[in-house]
Amino acid sequence: MRIAINGMALGQPGLALGCAAKRWIDALLDIDASNTYLLLAPLAAPEESLPQAPNLLVHRVDSPLDAPFPDGLKLPEPADLLYTPSYLLPRLTGAKSEVVCVHDAGWNPKSAYWSWAAPRMKEALHRTRGVHCLSRSTRDLLRERGRIPGRARTLAIPPVIDPRRFYPETEPAEDEGAPYIAVVGNQEPQATRSAAADVFPRLRIRMRPCRLVPVGPEERARSRTAAIDFFGDLDTGQLAALFRGALLVVQPSLFEASGPTLLEAMACGIPAACADQPIFHELAGRGASYFDPRDARSIAKCMERLALDPDLRAAACARALEQAARFDWKDSATRLLELFEEAAS
């Protein structure tokens with residue numbers, strides 16, 4: 001089988017889509033040496049950032065990530081299947097069928113992001129033969145909203161968490177300054193980073209010196225105190241190092257998000273505090289502590305306990321590692337390959 005992969009997100013390796021695309025492509029190539037892969041990569045992607053394998057062919061394409069490919073553009077070689085590791089599905093010809101990945105589907109319907117994303121997702125889902133969801137919660141939400149056509153095969157396949165990149169600190173870390181709390185979230189900064197920022201001043205009364213570190217696009221973050229550092233876009237190595245040095249990771253999303261970054265933090269052995277939502281119970285399970293994302297006191301109390309109670313921290317670290325270890329990246333890649341085979345048949 002010849003499998004084409006839309007790797008246009010690889011041109012932005014620090015963004016969530018770019019990171020996810022790279023990890024899924026690497027995982028597929030690690031387990032599959034028999035099929036041939038054709039990777040469509042952006043001109044802007046550095047050569048060293050692209051995956052390499054004997055059965056991988058790379059074709060450079062000049063097209064922005066968030067725009068459809070020009071009408072009539074053909075794959076450089078015919079393919080049995082085109083896989084796009086996001087809902088940004090280009091108009092390409094030359095593939096017999098298509099599979100699309102949906103990371104999450106619970107954006108705030110009143111947000112500008114939703115108005116931008118909704119028509120793109122609708123078009124992608126109605127063209128595809130297979131839908132790859134990163135959680136059962138996302139799959140069920142799409143079905144409830146009638147967004148998945150009956151002909152599309154849909155599988156909930158959890159995120160790829162690569163233990164070769166995300167693992168606990170093996171030696172005691174050197175003291176490099178004030179302790180910090182990492183904050184991760186989805187595309188709704190007003191519902192994620194700012195939620196933690198709002199409660200952080202009261203938290204610092206008991207936790208000085210301590211800083212808050214939101215992870216994600218810097219221009220979207222909003223600071224309310226000088227004790228917040230914005231790290232912007234990070235590559236995989238930088239992200240793993242940041243997680244290993246953190247007191248804890250906080251995922252305060254008001255709306256559903258797929259949570260791979262949260263699981264990567266847990267795989268580094270740090271305690272996790274999450275919004276009390278079905279998606280995070282599904283992914284983080286007993287490996288995380290939960291709070292009401294609309295209640296500032298609930299958020300602050302949960303963060304404070306994990307940061308200041310050494311016994312609770314030790315137990316939370318152990319639970320986080322145990323939960324993250326449940327996500328076998330080879331199993332996820334194998335199930336995705338099975339979806340490819342079904343969609344191409």
# chains A, B, ... in the order shown; residues from 1 in each chain; ligands from 1
call {"tool": "residues_around", "arguments": {"residues": "Pro310 in chain A", "least_positions_apart": "6", "cutoff": "12 Å", "atoms": "only C-alpha atoms", "output": "PyMOL selection string"}}
result
chain A and resi 247+271+304+316-317
call {"tool": "residues_around", "arguments": {"residues": "range 142-156 of chain A", "least_positions_apart": "6", "cutoff": "7 Å", "atoms": "only C-alpha atoms", "output": "ChimeraX atom specification"}}
result
/A:105,122,125-126,128-136
call {"tool": "write_last_selection", "arguments": {"atoms": "N, CA and C atoms", "output": "mmCIF file, in the first residue's frame"}}
result
data_model
loop_
_atom_site.group_PDB
_atom_site.id
_atom_site.type_symbol
_atom_site.label_atom_id
_atom_site.label_comp_id
_atom_site.auth_asym_id
_atom_site.auth_seq_id
_atom_site.Cartn_x
_atom_site.Cartn_y
_atom_site.Cartn_z
ATOM 1 N N ALA A 105 -12.918 18.397 19.668
ATOM 2 C CA ALA A 105 -14.080 18.973 18.978
ATOM 3 C C ALA A 105 -14.953 19.780 19.915
ATOM 4 N N LYS A 122 -16.001 20.483 8.951
ATOM 5 C CA LYS A 122 -17.174 19.924 8.287
ATOM 6 C C LYS A 122 -16.814 19.395 6.905
ATOM 7 N N LEU A 125 -14.590 16.142 7.245
ATOM 8 C CA LEU A 125 -15.299 14.951 7.707
ATOM 9 C C LEU A 125 -16.256 14.397 6.650
ATOM 10 N N HIS A 126 -16.764 15.228 5.781
ATOM 11 C CA HIS A 126 -17.680 14.748 4.756
ATOM 12 C C HIS A 126 -16.967 14.239 3.509
ATOM 13 N N THR A 128 -13.956 12.345 3.959
ATOM 14 C CA THR A 128 -13.055 11.293 4.371
ATOM 15 C C THR A 128 -13.724 9.927 4.415
ATOM 16 N N ARG A 129 -12.902 8.884 4.321
ATOM 17 C CA ARG A 129 -13.365 7.503 4.477
ATOM 18 C C ARG A 129 -13.050 6.961 5.862
ATOM 19 N N GLY A 130 -12.182 7.668 6.583
ATOM 20 C CA GLY A 130 -11.819 7.236 7.925
ATOM 21 C C GLY A 130 -11.563 8.430 8.822
ATOM 22 N N VAL A 131 -12.015 8.332 10.066
ATOM 23 C CA VAL A 131 -11.823 9.411 11.031
ATOM 24 C C VAL A 131 -11.049 8.864 12.226
ATOM 25 N N HIS A 132 -9.925 9.483 12.494
ATOM 26 C CA HIS A 132 -9.061 9.099 13.611
ATOM 27 C C HIS A 132 -9.247 10.127 14.720
ATOM 28 N N CYS A 133 -9.885 9.720 15.818
ATOM 29 C CA CYS A 133 -10.096 10.613 16.960
ATOM 30 C C CYS A 133 -9.104 10.239 18.065
ATOM 31 N N LEU A 134 -8.616 11.243 18.785
ATOM 32 C CA LEU A 134 -7.629 10.984 19.827
ATOM 33 C C LEU A 134 -8.244 10.558 21.155
ATOM 34 N N SER A 135 -9.570 10.499 21.213
ATOM 35 C CA SER A 135 -10.233 10.046 22.435
ATOM 36 C C SER A 135 -11.644 9.594 22.110
ATOM 37 N N ARG A 136 -12.205 8.782 23.004
ATOM 38 C CA ARG A 136 -13.605 8.381 22.865
ATOM 39 C C ARG A 136 -14.515 9.587 23.039
#
call {"tool": "residues_around", "arguments": {"residues": "range 275-284 of chain A", "least_positions_apart": "3", "cutoff": "9 Å", "atoms": "only C-alpha atoms", "output": "ChimeraX atom specification"}}
result
/A:135-138,158,250-260,262-263,266,272,287-294,299,320,323-324
call {"tool": "residues_around", "arguments": {"residues": "Pro179 in chain A", "least_positions_apart": "3", "cutoff": "7 Å", "atoms": "only C-alpha atoms", "output": "VMD selection string"}}
result
chain A and resid 209 to 211 246 to 247
call {"tool": "residues_around", "arguments": {"residues": "Ala241 in chain A", "least_positions_apart": "3", "cutoff": "9 Å", "atoms": "only C-alpha atoms", "output": "PDB file with N, CA and C atoms, in the first residue's frame"}}
result
ATOM      1  N   PHE A 166       9.940  11.488  26.328  1.00  0.00           N
ATOM      2  CA  PHE A 166       9.306  11.962  27.553  1.00  0.00           C
ATOM      3  C   PHE A 166       9.471  10.905  28.632  1.00  0.00           C
ATOM      4  N   GLU A 169      13.160  12.551  35.188  1.00  0.00           N
ATOM      5  CA  GLU A 169      14.543  12.935  35.437  1.00  0.00           C
ATOM      6  C   GLU A 169      15.232  11.787  36.163  1.00  0.00           C
ATOM      7  N   THR A 236      10.287  19.354  20.774  1.00  0.00           N
ATOM      8  CA  THR A 236      10.056  18.227  21.675  1.00  0.00           C
ATOM      9  C   THR A 236      11.056  18.174  22.820  1.00  0.00           C
ATOM     10  N   GLY A 237      12.341  18.360  22.503  1.00  0.00           N
ATOM     11  CA  GLY A 237      13.366  18.303  23.537  1.00  0.00           C
ATOM     12  C   GLY A 237      13.204  19.396  24.570  1.00  0.00           C
ATOM     13  N   GLN A 238      12.916  20.607  24.130  1.00  0.00           N
ATOM     14  CA  GLN A 238      12.711  21.725  25.057  1.00  0.00           C
ATOM     15  C   GLN A 238      11.487  21.503  25.933  1.00  0.00           C
ATOM     16  N   ARG A 244      10.187  18.262  32.974  1.00  0.00           N
ATOM     17  CA  ARG A 244      10.947  17.581  34.035  1.00  0.00           C
ATOM     18  C   ARG A 244      11.313  18.523  35.172  1.00  0.00           C
ATOM     19  N   GLY A 245      11.455  19.800  34.881  1.00  0.00           N
ATOM     20  CA  GLY A 245      11.828  20.750  35.918  1.00  0.00           C
ATOM     21  C   GLY A 245      10.655  21.393  36.636  1.00  0.00           C
ATOM     22  N   ALA A 246       9.424  21.083  36.227  1.00  0.00           N
ATOM     23  CA  ALA A 246       8.254  21.757  36.783  1.00  0.00           C
ATOM     24  C   ALA A 246       7.789  21.132  38.095  1.00  0.00           C
ATOM     25  N   CYS A 268       6.765  12.463  32.162  1.00  0.00           N
ATOM     26  CA  CYS A 268       8.002  12.990  32.737  1.00  0.00           C
ATOM     27  C   CYS A 268       8.001  12.911  34.260  1.00  0.00           C
TER      28      CYS A 268
END
call {"tool": "residues_around", "arguments": {"residues": "Lys22 in chain A", "least_positions_apart": "3", "cutoff": "12 Å", "atoms": "only C-alpha atoms", "output": "PyMOL selection string"}}
result
chain A and resi 5-19+25-29+39+41+45+49-52+84-86+160-162+235-236
call {"tool": "atom_distance", "arguments": {"atom1": "CA of Thr170 in chain A", "atom2": "CA of Ala314 in chain A"}}
result
15.3 Å
call {"tool": "residues_around", "arguments": {"residues": "Leu73 in chain A", "least_positions_apart": "5", "cutoff": "9 Å", "atoms": "only C-alpha atoms", "output": "number ranges by chain"}}
result
A: 91-94
call {"tool": "write_last_selection", "arguments": {"atoms": "N, CA and C atoms", "output": "tab-separated table (two decimals), in the first residue's frame"}}
result
chain	number	residue	atom	x	y	z
A	91	ARG	N	-7.42	19.88	-0.70
A	91	ARG	CA	-8.07	19.34	-1.90
A	91	ARG	C	-6.99	18.79	-2.82
A	92	LEU	N	-6.71	17.53	-2.66
A	92	LEU	CA	-5.69	16.85	-3.46
A	92	LEU	C	-6.35	15.71	-4.23
A	93	THR	N	-5.86	15.47	-5.41
A	93	THR	CA	-6.30	14.31	-6.17
A	93	THR	C	-5.14	13.35	-6.30
A	94	GLY	N	-5.48	12.11	-6.56
A	94	GLY	CA	-4.45	11.10	-6.72
A	94	GLY	C	-4.46	10.03	-5.66
call {"tool": "select_by_dssp", "arguments": {"residues": "range 19-149 of chain A", "states": "strand (DSSP E)", "output": "VMD selection string"}}
result
chain A and resid 36 to 42 56 to 61 74 to 84 93 to 102 130 to 133
call {"tool": "select_by_dssp", "arguments": {"residues": "range 217-342 of chain A", "states": "alpha helix (DSSP H)", "output": "number ranges by chain"}}
result
A: 236-244, 260-267, 278-284, 296-308, 310-324, 329-342
call {"tool": "write_last_selection", "arguments": {"atoms": "C-alpha atoms", "output": "CSV table (one decimal), in the first residue's frame"}}
result
chain,number,residue,atom,x,y,z
A,236,THR,CA,10.1,18.2,21.7
A,237,GLY,CA,13.4,18.3,23.5
A,238,GLN,CA,12.7,21.7,25.1
A,239,LEU,CA,9.2,20.7,26.1
A,240,ALA,CA,10.4,17.6,27.8
A,241,ALA,CA,13.1,19.4,29.7
A,242,LEU,CA,10.6,22.1,30.8
A,243,PHE,CA,8.2,19.4,32.1
A,244,ARG,CA,10.9,17.6,34.0
A,260,PRO,CA,-1.5,14.7,24.5
A,261,THR,CA,0.7,17.4,26.0
A,262,LEU,CA,-0.8,16.7,29.4
A,263,LEU,CA,0.1,13.0,29.1
A,264,GLU,CA,3.6,13.9,27.9
A,265,ALA,CA,4.1,15.9,31.1
A,266,MET,CA,2.8,13.0,33.2
A,267,ALA,CA,5.2,10.7,31.4
A,278,PRO,CA,-14.8,13.6,30.9
A,279,ILE,CA,-11.9,13.9,28.4
A,280,PHE,CA,-9.3,14.3,31.1
A,281,HIS,CA,-10.8,11.5,33.3
A,282,GLU,CA,-10.6,9.3,30.2
A,283,LEU,CA,-6.9,10.1,29.5
A,284,ALA,CA,-5.4,11.0,32.9
A,296,ALA,CA,-10.9,30.0,41.2
A,297,ARG,CA,-10.8,28.6,44.7
A,298,SER,CA,-11.0,25.1,43.5
A,299,ILE,CA,-8.2,25.7,41.0
A,300,ALA,CA,-5.9,27.4,43.6
A,301,LYS,CA,-6.5,24.7,46.2
A,302,CYS,CA,-5.7,21.8,43.9
A,303,MET,CA,-2.5,23.5,42.6
A,304,GLU,CA,-1.4,24.5,46.1
A,305,ARG,CA,-1.9,21.0,47.6
A,306,LEU,CA,0.1,19.4,44.8
A,307,ALA,CA,2.9,22.0,45.0
A,308,LEU,CA,3.3,22.1,48.8
A,310,PRO,CA,5.4,16.4,49.8
A,311,ASP,CA,3.6,13.2,50.5
A,312,LEU,CA,0.8,14.1,48.1
A,313,ARG,CA,3.4,15.1,45.5
A,314,ALA,CA,5.2,11.8,45.7
A,315,ALA,CA,2.0,9.8,45.4
A,316,ALA,CA,0.8,12.0,42.5
A,317,CYS,CA,4.1,11.6,40.6
A,318,ALA,CA,3.9,7.8,40.9
A,319,ARG,CA,0.3,7.8,39.7
A,320,ALA,CA,1.1,10.1,36.8
A,321,LEU,CA,3.9,7.8,35.6
A,322,GLU,CA,1.7,4.7,36.0
A,323,GLN,CA,-1.1,6.3,33.9
A,324,ALA,CA,1.2,7.6,31.2
A,329,TRP,CA,2.7,4.3,21.2
A,330,LYS,CA,3.3,1.1,19.2
A,331,ASP,CA,-0.2,0.0,19.9
A,332,SER,CA,-1.6,3.4,18.8
A,333,ALA,CA,0.4,3.3,15.6
A,334,THR,CA,-0.7,-0.3,14.8
A,335,ARG,CA,-4.4,0.6,15.2
A,336,LEU,CA,-3.9,3.7,13.0
A,337,LEU,CA,-2.4,1.5,10.3
A,338,GLU,CA,-5.4,-0.9,10.6
A,339,LEU,CA,-7.7,2.1,10.0
A,340,PHE,CA,-5.7,3.0,6.9
A,341,GLU,CA,-6.1,-0.6,5.6
A,342,GLU,CA,-9.9,-0.5,6.2
